[in-house]
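For reference, the structure discussed in these notes is given below.
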Amino acid sequence: MQTSKGHVKLIVKNGRYVCPNCKQVTNQQANPQTNAENLILWCRNCKAEFFVNIDHGQCSIVSRCR
Ligand SMILES: [Zn+2]
């Protein structure tokens, strides 16, 4: 397990973000028009939650909730 500080970018796979914890695809869709701040990204596979910022579809981790 890694500490997710700084500008860790999430990988996009099949139009969805990949969980940085378990490397599986989440339900969150990636779209180049999406902008969000402190969005909670939840992974149904490993139940991890992350605060993320999305800038034109580029998703970066702010911090990990659990
Ligand atoms: Zn996960």
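In the structure tokens, each chain is lettered A, B, ... as it comes, each chain's residues begin at 1, and ligands are numbered from 1 in order of appearance.
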Fill in: Neighbourhood of ligand 1 at 8 Å, counting only C-alpha atoms and all ligand atoms, reported as number ranges by chain
A: 18-26, 42-48
With N, CA and C atoms kept, could you save the residues just selected as a short mmCIF file (atom, residue, chain, number, x, y, z; two decimals), in the first residue's frame?
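Once written, part-v9.cif looks like this:
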```cif
data_model
loop_
_atom_site.label_atom_id
_atom_site.label_comp_id
_atom_site.auth_asym_id
_atom_site.auth_seq_id
_atom_site.Cartn_x
_atom_site.Cartn_y
_atom_site.Cartn_z
N VAL A 18 -9.26 3.97 -12.84
CA VAL A 18 -8.76 2.75 -12.21
C VAL A 18 -8.40 3.06 -10.76
N CYS A 19 -8.85 2.24 -9.87
CA CYS A 19 -8.57 2.40 -8.44
C CYS A 19 -7.06 2.29 -8.21
N PRO A 20 -6.47 3.30 -7.55
CA PRO A 20 -5.02 3.25 -7.30
C PRO A 20 -4.64 2.23 -6.24
N ASN A 21 -5.62 1.75 -5.53
CA ASN A 21 -5.34 0.80 -4.45
C ASN A 21 -5.31 -0.65 -4.96
N CYS A 22 -6.37 -1.05 -5.67
CA CYS A 22 -6.45 -2.44 -6.11
C CYS A 22 -6.26 -2.60 -7.62
N LYS A 23 -6.12 -1.45 -8.31
CA LYS A 23 -5.87 -1.46 -9.76
C LYS A 23 -7.02 -2.03 -10.58
N GLN A 24 -8.22 -1.97 -10.03
CA GLN A 24 -9.38 -2.42 -10.79
C GLN A 24 -10.22 -1.21 -11.17
N VAL A 25 -11.03 -1.38 -12.20
CA VAL A 25 -11.82 -0.27 -12.73
C VAL A 25 -12.96 0.07 -11.77
N THR A 26 -13.13 1.36 -11.50
CA THR A 26 -14.21 1.81 -10.62
C THR A 26 -15.44 2.15 -11.45
N TRP A 42 -15.18 6.21 -4.90
CA TRP A 42 -15.31 5.00 -4.12
C TRP A 42 -15.07 3.79 -5.00
N CYS A 43 -14.30 2.86 -4.46
CA CYS A 43 -14.03 1.64 -5.21
C CYS A 43 -14.85 0.51 -4.62
N ARG A 44 -15.69 -0.08 -5.46
CA ARG A 44 -16.56 -1.16 -4.96
C ARG A 44 -15.78 -2.46 -4.78
N ASN A 45 -14.60 -2.52 -5.39
CA ASN A 45 -13.82 -3.75 -5.30
C ASN A 45 -13.09 -3.88 -3.97
N CYS A 46 -12.40 -2.82 -3.56
CA CYS A 46 -11.63 -2.89 -2.31
C CYS A 46 -12.19 -1.97 -1.24
N LYS A 47 -13.29 -1.26 -1.54
CA LYS A 47 -13.98 -0.36 -0.60
C LYS A 47 -13.15 0.84 -0.17
N ALA A 48 -12.13 1.15 -0.93
CA ALA A 48 -11.32 2.32 -0.61
C ALA A 48 -12.04 3.58 -1.08
#
```
Discussion item. I need the strand (DSSP E) residues of chain A per DSSP on the backbone, written as a PyMOL selection string.
Written reply: chain A and resi 12-13+16-18+25-29+35-42+49-55+58-64
Tell me which protein, DNA and RNA residues are within 10 Å of segment 49-54 of chain A, counting only C-alpha atoms, leaving out same-chain ones fewer than 6 positions away, and put them as a PDB file with N, CA and C atoms, in the first residue's frame.
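After the write, around.pdb holds the following:
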```
ATOM      1  N   SER A   4      -0.797   8.055  -0.710  1.00  0.00           N
ATOM      2  CA  SER A   4      -1.216   8.767  -1.898  1.00  0.00           C
ATOM      3  C   SER A   4      -1.175  10.271  -1.696  1.00  0.00           C
ATOM      4  N   HIS A   7       0.677  14.575  -6.497  1.00  0.00           N
ATOM      5  CA  HIS A   7      -0.142  14.553  -7.698  1.00  0.00           C
ATOM      6  C   HIS A   7      -0.129  13.172  -8.346  1.00  0.00           C
ATOM      7  N   VAL A   8      -0.784  12.261  -7.681  1.00  0.00           N
ATOM      8  CA  VAL A   8      -0.906  10.931  -8.258  1.00  0.00           C
ATOM      9  C   VAL A   8      -2.078  10.940  -9.226  1.00  0.00           C
ATOM     10  N   LYS A   9      -1.791  10.688 -10.473  1.00  0.00           N
ATOM     11  CA  LYS A   9      -2.833  10.684 -11.495  1.00  0.00           C
ATOM     12  C   LYS A   9      -3.437   9.281 -11.615  1.00  0.00           C
ATOM     13  N   LEU A  10      -4.744   9.274 -11.785  1.00  0.00           N
ATOM     14  CA  LEU A  10      -5.403   7.987 -11.952  1.00  0.00           C
ATOM     15  C   LEU A  10      -5.367   7.559 -13.419  1.00  0.00           C
ATOM     16  N   CYS A  19      -8.850   2.237  -9.868  1.00  0.00           N
ATOM     17  CA  CYS A  19      -8.569   2.399  -8.441  1.00  0.00           C
ATOM     18  C   CYS A  19      -7.060   2.286  -8.208  1.00  0.00           C
ATOM     19  N   PRO A  20      -6.465   3.298  -7.552  1.00  0.00           N
ATOM     20  CA  PRO A  20      -5.018   3.246  -7.305  1.00  0.00           C
ATOM     21  C   PRO A  20      -4.638   2.233  -6.238  1.00  0.00           C
ATOM     22  N   ASN A  21      -5.616   1.746  -5.526  1.00  0.00           N
ATOM     23  CA  ASN A  21      -5.343   0.797  -4.454  1.00  0.00           C
ATOM     24  C   ASN A  21      -5.314  -0.646  -4.958  1.00  0.00           C
ATOM     25  N   ALA A  30     -14.793   8.560 -16.690  1.00  0.00           N
ATOM     26  CA  ALA A  30     -13.856   9.620 -17.034  1.00  0.00           C
ATOM     27  C   ALA A  30     -14.328  10.314 -18.290  1.00  0.00           C
ATOM     28  N   ASN A  31     -14.396  11.634 -18.218  1.00  0.00           N
ATOM     29  CA  ASN A  31     -14.830  12.423 -19.370  1.00  0.00           C
ATOM     30  C   ASN A  31     -13.957  13.669 -19.444  1.00  0.00           C
ATOM     31  N   PRO A  32     -13.466  14.003 -20.637  1.00  0.00           N
ATOM     32  CA  PRO A  32     -12.584  15.173 -20.770  1.00  0.00           C
ATOM     33  C   PRO A  32     -13.246  16.492 -20.399  1.00  0.00           C
ATOM     34  N   GLN A  33     -14.575  16.493 -20.272  1.00  0.00           N
ATOM     35  CA  GLN A  33     -15.275  17.721 -19.906  1.00  0.00           C
ATOM     36  C   GLN A  33     -15.539  17.817 -18.409  1.00  0.00           C
ATOM     37  N   THR A  34     -15.146  16.805 -17.674  1.00  0.00           N
ATOM     38  CA  THR A  34     -15.434  16.767 -16.246  1.00  0.00           C
ATOM     39  C   THR A  34     -14.439  17.589 -15.436  1.00  0.00           C
ATOM     40  N   ASN A  35     -14.995  18.437 -14.576  1.00  0.00           N
ATOM     41  CA  ASN A  35     -14.194  19.151 -13.604  1.00  0.00           C
ATOM     42  C   ASN A  35     -14.835  18.932 -12.240  1.00  0.00           C
ATOM     43  N   ALA A  36     -14.031  18.563 -11.251  1.00  0.00           N
ATOM     44  CA  ALA A  36     -14.571  18.357  -9.914  1.00  0.00           C
ATOM     45  C   ALA A  36     -13.487  18.615  -8.882  1.00  0.00           C
ATOM     46  N   GLU A  37     -13.942  19.054  -7.698  1.00  0.00           N
ATOM     47  CA  GLU A  37     -13.009  19.305  -6.621  1.00  0.00           C
ATOM     48  C   GLU A  37     -13.446  18.528  -5.397  1.00  0.00           C
ATOM     49  N   ASN A  38     -12.509  17.829  -4.806  1.00  0.00           N
ATOM     50  CA  ASN A  38     -12.787  17.028  -3.621  1.00  0.00           C
ATOM     51  C   ASN A  38     -13.963  16.074  -3.814  1.00  0.00           C
ATOM     52  N   LEU A  39     -14.007  15.475  -4.965  1.00  0.00           N
ATOM     53  CA  LEU A  39     -14.999  14.448  -5.253  1.00  0.00           C
ATOM     54  C   LEU A  39     -14.576  13.163  -4.539  1.00  0.00           C
ATOM     55  N   ILE A  40     -15.546  12.450  -3.998  1.00  0.00           N
ATOM     56  CA  ILE A  40     -15.203  11.179  -3.355  1.00  0.00           C
ATOM     57  C   ILE A  40     -15.327  10.062  -4.373  1.00  0.00           C
ATOM     58  N   LEU A  41     -14.211   9.424  -4.614  1.00  0.00           N
ATOM     59  CA  LEU A  41     -14.172   8.286  -5.525  1.00  0.00           C
ATOM     60  C   LEU A  41     -14.177   7.017  -4.683  1.00  0.00           C
ATOM     61  N   TRP A  42     -15.184   6.215  -4.904  1.00  0.00           N
ATOM     62  CA  TRP A  42     -15.312   5.001  -4.119  1.00  0.00           C
ATOM     63  C   TRP A  42     -15.072   3.789  -4.995  1.00  0.00           C
ATOM     64  N   CYS A  43     -14.302   2.859  -4.465  1.00  0.00           N
ATOM     65  CA  CYS A  43     -14.030   1.642  -5.208  1.00  0.00           C
ATOM     66  C   CYS A  43     -14.849   0.508  -4.617  1.00  0.00           C
ATOM     67  N   SER A  60      -6.689  13.440 -10.158  1.00  0.00           N
ATOM     68  CA  SER A  60      -5.541  13.316  -9.264  1.00  0.00           C
ATOM     69  C   SER A  60      -6.026  13.194  -7.822  1.00  0.00           C
ATOM     70  N   ILE A  61      -5.320  12.409  -7.042  1.00  0.00           N
ATOM     71  CA  ILE A  61      -5.730  12.127  -5.670  1.00  0.00           C
ATOM     72  C   ILE A  61      -5.331  13.265  -4.735  1.00  0.00           C
ATOM     73  N   VAL A  62      -6.304  13.677  -3.920  1.00  0.00           N
ATOM     74  CA  VAL A  62      -6.018  14.672  -2.898  1.00  0.00           C
ATOM     75  C   VAL A  62      -5.580  13.951  -1.629  1.00  0.00           C
ATOM     76  N   SER A  63      -6.418  13.032  -1.168  1.00  0.00           N
ATOM     77  CA  SER A  63      -6.078  12.241   0.004  1.00  0.00           C
ATOM     78  C   SER A  63      -6.941  11.003   0.029  1.00  0.00           C
ATOM     79  N   ARG A  64      -6.577  10.099   0.879  1.00  0.00           N
ATOM     80  CA  ARG A  64      -7.333   8.878   0.997  1.00  0.00           C
ATOM     81  C   ARG A  64      -8.228   8.949   2.223  1.00  0.00           C
ATOM     82  N   CYS A  65      -9.491   8.584   2.056  1.00  0.00           N
ATOM     83  CA  CYS A  65     -10.426   8.616   3.188  1.00  0.00           C
ATOM     84  C   CYS A  65     -10.284   7.360   4.032  1.00  0.00           C
ATOM     85  N   ARG A  66     -10.284   6.236   3.380  1.00  0.00           N
ATOM     86  CA  ARG A  66     -10.135   4.968   4.093  1.00  0.00           C
ATOM     87  C   ARG A  66      -9.712   3.886   3.138  1.00  0.00           C
TER      88      ARG A  66
END
```
